[in-house]
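For reference, input-v4.csv (CSV, C-alpha atoms):
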chain,number,residue,atom,x,y,z
V,1,MET,CA,-25.1,7.2,-16.9
V,2,LYS,CA,-23.7,8.6,-20.2
V,3,LYS,CA,-20.6,10.7,-20.5
V,4,LEU,CA,-19.2,12.4,-23.6
V,5,ILE,CA,-15.6,11.2,-24.1
V,6,ALA,CA,-13.7,11.9,-27.3
V,7,ASN,CA,-17.0,13.0,-28.9
V,8,ARG,CA,-18.7,9.7,-28.2
V,9,GLU,CA,-21.4,8.9,-25.7
V,10,ILE,CA,-20.0,6.3,-23.3
V,11,ASP,CA,-21.7,4.4,-20.5
V,12,VAL,CA,-19.9,5.0,-17.2
V,13,ASN,CA,-20.6,4.5,-13.5
V,14,GLU,CA,-20.8,7.3,-10.9
V,15,GLU,CA,-17.0,7.3,-10.6
V,16,GLY,CA,-16.5,7.6,-14.3
V,17,TYR,CA,-15.4,4.0,-15.0
V,18,LEU,CA,-16.6,2.4,-18.2
V,19,ILE,CA,-19.4,-0.1,-17.8
V,20,ASP,CA,-18.9,-1.8,-21.1
V,21,PHE,CA,-15.3,-2.5,-22.2
V,22,SER,CA,-16.4,-3.0,-25.8
V,23,GLN,CA,-17.0,0.8,-26.0
V,24,TRP,CA,-13.3,1.4,-25.3
V,25,ASN,CA,-10.7,2.4,-27.9
V,26,ARG,CA,-7.4,4.3,-27.7
V,27,GLU,CA,-9.2,7.6,-28.4
V,28,ILE,CA,-11.4,7.1,-25.4
V,29,GLY,CA,-8.4,6.2,-23.3
V,30,GLU,CA,-6.7,9.3,-24.5
V,31,GLY,CA,-9.7,11.4,-23.7
V,32,ILE,CA,-10.0,10.0,-20.1
V,33,ALA,CA,-6.2,10.5,-19.6
V,34,SER,CA,-6.3,14.1,-20.6
V,35,ASN,CA,-9.1,14.7,-18.1
V,36,CYS,CA,-6.7,13.3,-15.5
V,37,ASP,CA,-3.9,15.6,-16.8
V,38,ILE,CA,-1.9,12.6,-18.1
V,39,GLU,CA,-0.2,12.7,-21.4
V,40,MET,CA,0.0,9.2,-22.8
V,41,THR,CA,3.4,7.8,-23.9
V,42,ASP,CA,4.3,4.3,-25.3
V,43,LYS,CA,5.1,3.2,-21.7
V,44,HIS,CA,1.6,4.3,-20.5
V,45,TRP,CA,0.0,2.2,-23.3
V,46,GLU,CA,2.1,-0.8,-22.5
V,47,VAL,CA,0.8,-0.6,-18.9
V,48,ILE,CA,-2.8,-0.1,-20.1
V,49,GLU,CA,-2.5,-3.2,-22.4
V,50,TYR,CA,-1.1,-5.2,-19.5
V,51,LEU,CA,-4.0,-4.2,-17.3
V,52,GLN,CA,-6.6,-5.0,-20.0
V,53,ASP,CA,-5.0,-8.3,-20.6
V,54,LYS,CA,-5.3,-9.2,-16.9
V,55,HIS,CA,-8.9,-8.0,-16.9
V,56,LEU,CA,-9.8,-10.2,-19.8
V,57,LYS,CA,-8.2,-13.2,-18.1
V,58,GLU,CA,-10.2,-12.2,-15.0
V,59,GLU,CA,-7.1,-11.9,-12.8
V,60,ALA,CA,-7.3,-9.5,-9.9
V,61,LEU,CA,-5.1,-6.4,-10.0
V,62,SER,CA,-3.0,-5.4,-7.1
V,63,ILE,CA,0.1,-3.3,-6.5
V,64,ARG,CA,2.0,-6.5,-5.8
V,65,GLY,CA,0.9,-7.8,-9.1
V,66,ILE,CA,2.4,-4.7,-10.8
V,67,LYS,CA,5.7,-5.4,-9.0
V,68,LYS,CA,5.8,-8.9,-10.4
V,69,SER,CA,4.4,-8.0,-13.8
V,70,GLY,CA,7.7,-7.6,-15.6
V,71,VAL,CA,6.2,-4.7,-17.5
V,72,ILE,CA,6.9,-1.9,-15.1
V,73,ASN,CA,8.2,-1.4,-11.5
V,74,ILE,CA,6.3,0.3,-8.8
V,75,LYS,CA,8.3,3.5,-8.8
V,76,GLU,CA,7.8,4.0,-12.6
V,77,PHE,CA,4.1,3.1,-12.2
V,78,TYR,CA,3.7,6.0,-9.6
V,79,ALA,CA,5.7,8.3,-11.9
V,80,LEU,CA,3.3,7.5,-14.9
V,81,PHE,CA,0.1,7.8,-12.9
V,82,PRO,CA,0.9,10.0,-9.9
V,83,LYS,CA,-2.5,10.4,-8.3
V,84,GLY,CA,-3.5,6.9,-7.3
V,85,PRO,CA,-1.8,4.7,-10.0
V,86,LEU,CA,-4.1,1.7,-10.1
V,87,LYS,CA,-7.2,3.8,-9.8
V,88,THR,CA,-6.2,6.1,-12.6
V,89,SER,CA,-4.7,3.5,-14.9
V,90,THR,CA,-7.8,1.3,-14.8
V,91,LEU,CA,-10.0,4.3,-15.4
V,92,ILE,CA,-8.0,5.0,-18.6
V,93,ALA,CA,-8.0,1.3,-19.5
V,94,GLY,CA,-11.8,1.2,-19.5
V,95,ILE,CA,-11.9,-1.6,-16.9
V,96,PRO,CA,-13.4,-1.7,-13.4
V,97,LYS,CA,-11.7,-0.1,-10.5
V,98,PRO,CA,-9.9,-2.8,-8.4
V,99,LYS,CA,-11.7,-3.6,-5.2
V,100,SER,CA,-8.6,-4.8,-3.3
V,101,CYS,CA,-7.1,-2.9,-0.3
V,102,ILE,CA,-3.7,-4.0,-1.4
F,1,MET,CA,-10.8,24.6,4.7
F,2,SER,CA,-10.9,21.3,2.8
F,3,THR,CA,-11.8,18.1,4.8
F,4,LYS,CA,-10.1,15.9,2.4
F,5,VAL,CA,-7.2,13.7,3.7
F,6,LYS,CA,-4.0,14.7,2.0
F,7,LYS,CA,-1.3,13.1,4.2
F,8,MET,CA,-1.4,10.2,6.6
F,9,LEU,CA,1.3,9.9,9.3
F,10,PHE,CA,1.5,6.6,11.2
F,11,ILE,CA,3.3,5.7,14.4
F,12,LEU,CA,3.9,2.0,14.7
F,13,SER,CA,4.8,1.1,18.3
F,14,LYS,CA,4.0,-2.6,18.4
F,15,GLY,CA,5.9,-5.6,17.0
F,16,THR,CA,3.1,-8.0,16.4
F,17,ILE,CA,2.3,-9.0,12.9
F,18,GLU,CA,-1.3,-7.8,12.9
F,19,ASN,CA,-0.3,-4.3,14.0
F,20,ALA,CA,2.5,-4.1,11.5
F,21,TYR,CA,0.2,-5.1,8.7
F,22,ALA,CA,-2.5,-2.6,9.9
F,23,ALA,CA,0.1,0.2,9.5
F,24,PHE,CA,1.3,-1.2,6.1
F,25,VAL,CA,-2.1,-1.7,4.6
F,26,MET,CA,-3.3,1.7,5.6
F,27,ALA,CA,-0.1,3.4,4.5
F,28,ASN,CA,-0.2,1.6,1.2
F,29,GLY,CA,-3.9,2.2,0.8
F,30,ALA,CA,-3.2,6.0,1.2
F,31,ARG,CA,-0.6,6.0,-1.6
F,32,MET,CA,-2.9,4.0,-3.8
F,33,GLU,CA,-5.5,6.8,-3.4
F,34,GLY,CA,-3.0,9.5,-4.2
F,35,ILE,CA,-2.6,10.4,-0.5
F,36,GLU,CA,0.9,10.9,1.0
F,37,SER,CA,1.9,8.6,3.8
F,38,GLU,CA,4.8,8.1,6.2
F,39,ILE,CA,5.5,5.6,9.0
F,40,PHE,CA,7.5,6.3,12.2
F,41,PHE,CA,8.7,3.0,13.8
F,42,THR,CA,9.2,3.2,17.5
F,43,PHE,CA,9.7,0.8,20.5
F,44,PHE,CA,8.6,-2.7,19.4
F,45,GLY,CA,7.5,-1.4,16.1
F,46,LEU,CA,11.3,-1.3,15.3
F,47,GLU,CA,11.1,-5.1,15.0
F,48,ALA,CA,9.4,-4.6,11.7
F,49,ILE,CA,12.4,-2.8,10.2
F,50,GLN,CA,15.2,-4.9,11.6
F,51,LYS,CA,16.7,-7.0,8.8
F,52,LYS,CA,17.1,-10.1,11.0
F,53,LYS,CA,13.7,-9.9,12.7
F,54,LEU,CA,11.2,-8.6,10.2
F,55,GLU,CA,10.3,-12.0,8.7
F,56,HIS,CA,9.7,-13.4,12.2
F,57,LEU,CA,7.0,-11.2,13.6
F,58,HIS,CA,4.3,-13.1,15.4
F,59,VAL,CA,0.6,-12.8,16.2
F,60,ALA,CA,-0.1,-12.4,19.9
F,61,THR,CA,-1.9,-15.5,21.2
F,62,VAL,CA,-1.7,-14.5,24.9
F,63,GLY,CA,-3.8,-11.5,26.1
F,64,ASN,CA,-5.7,-11.4,22.9
F,65,PRO,CA,-9.3,-12.4,23.6
F,66,ALA,CA,-10.3,-12.2,19.9
F,67,MET,CA,-8.0,-15.2,19.2
F,68,ASN,CA,-10.7,-17.3,20.9
F,69,ILE,CA,-8.2,-19.7,22.4
F,70,PRO,CA,-7.8,-20.0,26.2
F,71,THR,CA,-4.9,-17.8,27.4
F,72,MET,CA,-3.2,-20.8,29.1
F,73,LEU,CA,-3.1,-22.7,25.8
F,74,GLY,CA,-1.9,-19.6,23.9
F,75,GLY,CA,1.1,-19.6,26.1
F,76,LEU,CA,2.2,-23.2,25.4
F,77,PRO,CA,5.4,-23.6,23.3
F,78,GLY,CA,4.7,-23.5,19.6
F,79,VAL,CA,1.1,-22.2,19.7
F,80,GLU,CA,2.2,-18.7,18.8
F,81,ALA,CA,4.3,-20.0,15.9
F,82,LEU,CA,1.4,-22.2,14.7
F,83,ALA,CA,-1.1,-19.4,14.8
F,84,THR,CA,1.3,-17.1,13.0
F,85,LYS,CA,1.9,-19.7,10.3
F,86,MET,CA,-1.9,-20.1,9.8
F,87,MET,CA,-2.4,-16.4,9.6
F,88,LYS,CA,0.5,-16.0,7.1
F,89,LYS,CA,-1.1,-18.7,4.9
F,90,GLU,CA,-4.4,-16.9,4.8
F,91,MET,CA,-2.6,-13.6,4.0
F,92,GLU,CA,-0.7,-15.2,1.2
F,93,LYS,CA,-4.1,-16.4,-0.3
F,94,LEU,CA,-5.2,-12.8,-0.4
F,95,ASP,CA,-1.9,-11.9,-2.1
F,96,MET,CA,-0.7,-9.9,0.9
F,97,PRO,CA,3.1,-9.6,0.6
F,98,PRO,CA,5.5,-10.8,3.4
F,99,VAL,CA,6.9,-8.0,5.6
F,100,GLY,CA,10.1,-7.4,3.7
F,101,GLU,CA,8.4,-7.2,0.3
F,102,PHE,CA,5.7,-5.0,1.8
F,103,LEU,CA,8.3,-2.6,3.0
F,104,GLU,CA,9.9,-2.5,-0.5
F,105,ILE,CA,6.5,-1.8,-2.1
F,106,LEU,CA,5.8,1.0,0.4
F,107,SER,CA,9.2,2.6,-0.2
F,108,ASP,CA,8.8,2.3,-4.0
F,109,SER,CA,5.3,3.8,-3.7
F,110,GLY,CA,6.8,6.9,-2.1
F,111,CYS,CA,5.8,6.1,1.5
F,112,LYS,CA,8.5,7.5,3.8
F,113,LEU,CA,9.9,5.1,6.5
F,114,TRP,CA,11.4,6.6,9.6
F,115,GLY,CA,13.1,5.1,12.7
F,116,CYS,CA,12.6,6.7,16.2
F,117,LYS,CA,15.9,8.0,17.5
F,118,LEU,CA,15.1,7.4,21.2
F,119,ALA,CA,14.0,3.8,20.7
F,120,ILE,CA,16.9,3.0,18.4
F,121,ASP,CA,19.3,4.3,21.1
F,122,MET,CA,17.5,2.4,23.8
F,123,PHE,CA,17.6,-0.9,22.0
F,124,HIS,CA,21.3,-0.2,21.0
F,125,LEU,CA,20.5,-0.7,17.3
F,126,LYS,CA,22.9,0.3,14.6
F,127,GLU,CA,22.1,1.6,11.1
F,128,GLU,CA,23.2,-1.7,9.5
F,129,ASP,CA,20.6,-3.6,11.6
F,130,LEU,CA,17.9,-1.7,9.9
F,131,ILE,CA,16.4,-2.1,6.4
F,132,ASP,CA,18.0,-0.3,3.5
F,133,GLU,CA,14.7,1.3,2.5
F,134,LEU,CA,14.7,3.4,5.8
F,135,ASP,CA,14.6,7.1,4.9
F,136,GLY,CA,16.3,8.2,8.2
F,137,ILE,CA,16.2,8.4,11.9
F,138,LEU,CA,14.1,11.1,13.5
F,139,THR,CA,13.0,12.5,16.9
F,140,ILE,CA,9.3,12.6,17.5
F,141,GLY,CA,9.5,16.4,17.1
F,142,ASP,CA,11.0,16.0,13.6
F,143,PHE,CA,8.2,13.6,12.8
F,144,TYR,CA,5.5,16.1,13.9
F,145,ASN,CA,7.1,18.6,11.6
F,146,ARG,CA,6.4,16.3,8.7
F,147,ALA,CA,2.7,17.3,9.2
F,148,ASP,CA,3.4,20.3,7.1
F,149,GLN,CA,0.1,20.7,5.2
F,150,GLU,CA,-3.6,21.0,5.8
F,151,GLY,CA,-5.4,17.7,5.7
F,152,THR,CA,-2.7,15.8,7.6
F,153,HIS,CA,-3.7,13.1,10.0
F,154,LEU,CA,-1.7,11.1,12.5
F,155,LEU,CA,-2.5,7.6,13.8
F,156,PHE,CA,-0.9,5.7,16.7
F,157,ILE,CA,-0.8,2.0,16.3

In structure tokens, write the structure found in this file.
Amino acid sequence: MKKLIANREIDVNEEGYLIDFSQWNREIGEGIASNCDIEMTDKHWEVIEYLQDKHLKEEALSIRGIKKSGVINIKEFYALFPKGPLKTSTLIAGIPKPKSCI
Amino acid sequence: MSTKVKKMLFILSKGTIENAYAAFVMANGARMEGIESEIFFTFFGLEAIQKKKLEHLHVATVGNPAMNIPTMLGGLPGVEALATKMMKKEMEKLDMPPVGEFLEILSDSGCKLWGCKLAIDMFHLKEEDLIDELDGILTIGDFYNRADQEGTHLLFI
């Protein structure tokens, strides 16, 4: 389905995740973040870039991976994206929601 | 009244690796969904928060029909250790952290970890025997009082 984000029509799935990453840009990310009541800072973007990089390399995302990332620790990750950090951050990053239980 | 789960409280009473991981995966899964979670370790569940024991939890090979090995074989020396080793290998493939690291992840994720006062007294454990991430020692009554909001659920493992 289509959703209007940052004044652009974007293809998303029923949970709001982008279907086509090529439609993503920072404005889109910003738009999704404000819908989640998150004000983006440099640290937020650093995490988003890390997640996108992992996605492009087709590496699975997990909370353990975040711990080992060297970009951010788990406490900070929860502080930046309080309501389900991996779920919210991947939504903003325009990449699929991770399927792992861990 | 909302039916949405807002807080999950777990009581871990067993010291086998599969039960500890069940509690950990569910507690972590809750935090990942933005749901609060807490674990109360009691009786043999205390094995999972004792510094010297937590990396040595075993899977039960005796009295566990789902293991599909005859009970008498399961009781032979080394079988439990072997089955545990194999299980840990499979878990590592799925990027499941070892017990100690999992507890760190849970604590950093905001999951509260509590020890049961009665069981700690019974096993004569001291605070220094227990992991540094422990948030405190509670009675079961104290733990019930942590169910302080609508949408709280409690699970006994």

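Within 8 Å of chain F, and using only C-alpha atoms, the residues found on chain V are Ile63, Arg64, Lys67, Ile74, Lys75, Tyr78, Pro82, Lys83, Gly84, Pro85, Leu86, Lys87, Cys101 and Ile102 of chain V.
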
For atom CA of F:Thr42 and atom CA of F:Ile157, the interatomic separation in Å (one decimal): 10.1 Å

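Between F:Glu128 and the candidates F:Val5, F:Ile49, F:Ile39, F:Leu113, the tightest atom-to-atom separation, counting only C-alpha atoms, involves F:Ile49.
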
Residue among F:Ile140, F:Leu103, F:Lys53, F:Leu9 lying closest to F:Ala119, counting all atoms listed in the file: F:Ile140

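Here atom CA of V:Val47 and atom CA of V:Ile66 stand 9.2 Å from one another.
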
Extract, using only C-alpha atoms, all DNA, RNA and protein residues at most 12 Å from V:Ile32, discarding same-chain residues fewer than 3 positions from it, and format them as a PDB file with C-alpha atoms, in the coordinates of the input.
ATOM      1  CA  LYS V   3     -20.600  10.700 -20.500  1.00  0.00           C
ATOM      2  CA  LEU V   4     -19.200  12.400 -23.600  1.00  0.00           C
ATOM      3  CA  ILE V   5     -15.600  11.200 -24.100  1.00  0.00           C
ATOM      4  CA  ALA V   6     -13.700  11.900 -27.300  1.00  0.00           C
ATOM      5  CA  ASN V   7     -17.000  13.000 -28.900  1.00  0.00           C
ATOM      6  CA  ARG V   8     -18.700   9.700 -28.200  1.00  0.00           C
ATOM      7  CA  ILE V  10     -20.000   6.300 -23.300  1.00  0.00           C
ATOM      8  CA  VAL V  12     -19.900   5.000 -17.200  1.00  0.00           C
ATOM      9  CA  GLY V  16     -16.500   7.600 -14.300  1.00  0.00           C
ATOM     10  CA  TYR V  17     -15.400   4.000 -15.000  1.00  0.00           C
ATOM     11  CA  LEU V  18     -16.600   2.400 -18.200  1.00  0.00           C
ATOM     12  CA  TRP V  24     -13.300   1.400 -25.300  1.00  0.00           C
ATOM     13  CA  ASN V  25     -10.700   2.400 -27.900  1.00  0.00           C
ATOM     14  CA  ARG V  26      -7.400   4.300 -27.700  1.00  0.00           C
ATOM     15  CA  GLU V  27      -9.200   7.600 -28.400  1.00  0.00           C
ATOM     16  CA  ILE V  28     -11.400   7.100 -25.400  1.00  0.00           C
ATOM     17  CA  GLY V  29      -8.400   6.200 -23.300  1.00  0.00           C
ATOM     18  CA  ASN V  35      -9.100  14.700 -18.100  1.00  0.00           C
ATOM     19  CA  CYS V  36      -6.700  13.300 -15.500  1.00  0.00           C
ATOM     20  CA  ASP V  37      -3.900  15.600 -16.800  1.00  0.00           C
ATOM     21  CA  ILE V  38      -1.900  12.600 -18.100  1.00  0.00           C
ATOM     22  CA  GLU V  39      -0.200  12.700 -21.400  1.00  0.00           C
ATOM     23  CA  MET V  40       0.000   9.200 -22.800  1.00  0.00           C
ATOM     24  CA  THR V  88      -6.200   6.100 -12.600  1.00  0.00           C
ATOM     25  CA  SER V  89      -4.700   3.500 -14.900  1.00  0.00           C
ATOM     26  CA  THR V  90      -7.800   1.300 -14.800  1.00  0.00           C
ATOM     27  CA  LEU V  91     -10.000   4.300 -15.400  1.00  0.00           C
ATOM     28  CA  ILE V  92      -8.000   5.000 -18.600  1.00  0.00           C
ATOM     29  CA  ALA V  93      -8.000   1.300 -19.500  1.00  0.00           C
ATOM     30  CA  GLY V  94     -11.800   1.200 -19.500  1.00  0.00           C
TER      31      GLY V  94
END

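Pairwise distance (atom CA of F:Phe156, atom CA of F:Lys14) equals 9.8 Å.
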
Between V:Ser22, V:Ser34, V:Thr41, V:Ser100, which is the closest to V:Leu56 once you count only C-alpha atoms? V:Ser22

Under the rule that all atoms listed in the file are counted, which of V:Pro98, V:Glu30, V:Gln23, V:Asn73 is the nearest residue to V:Glu59? V:Pro98

Please, could N, CA and C atoms be added to stretch 116-128 of chain F and the result written as a compact mmCIF listing (two decimals), keeping the file's coordinate frame?
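Done, and the output landed in out35.txt:
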# COMPACT_ATOMS: atom_id res chain seq x y z
N CYS F 116 12.66 5.74 15.02
CA CYS F 116 12.60 6.70 16.20
C CYS F 116 13.98 6.67 16.85
N LYS F 117 14.55 7.85 16.97
CA LYS F 117 15.90 8.00 17.50
C LYS F 117 16.03 7.43 18.94
N LEU F 118 15.09 7.83 19.77
CA LEU F 118 15.10 7.40 21.20
C LEU F 118 15.09 5.91 21.34
N ALA F 119 14.15 5.28 20.62
CA ALA F 119 14.00 3.80 20.70
C ALA F 119 15.18 3.09 20.14
N ILE F 120 15.73 3.61 19.05
CA ILE F 120 16.90 3.00 18.40
C ILE F 120 18.09 3.02 19.39
N ASP F 121 18.26 4.16 20.08
CA ASP F 121 19.30 4.30 21.10
C ASP F 121 19.07 3.32 22.24
N MET F 122 17.82 3.25 22.65
CA MET F 122 17.50 2.40 23.80
C MET F 122 17.74 0.94 23.54
N PHE F 123 17.41 0.50 22.32
CA PHE F 123 17.60 -0.90 22.00
C PHE F 123 19.04 -1.18 21.44
N HIS F 124 19.90 -0.15 21.45
CA HIS F 124 21.30 -0.20 21.00
C HIS F 124 21.35 -0.78 19.54
N LEU F 125 20.50 -0.25 18.68
CA LEU F 125 20.50 -0.70 17.30
C LEU F 125 21.46 0.16 16.46
N LYS F 126 22.05 -0.46 15.46
CA LYS F 126 22.90 0.30 14.60
C LYS F 126 22.23 0.38 13.20
N GLU F 127 22.71 1.36 12.41
CA GLU F 127 22.10 1.60 11.10
C GLU F 127 22.07 0.28 10.27
N GLU F 128 23.16 -0.51 10.38
CA GLU F 128 23.20 -1.70 9.50
C GLU F 128 22.24 -2.81 10.00
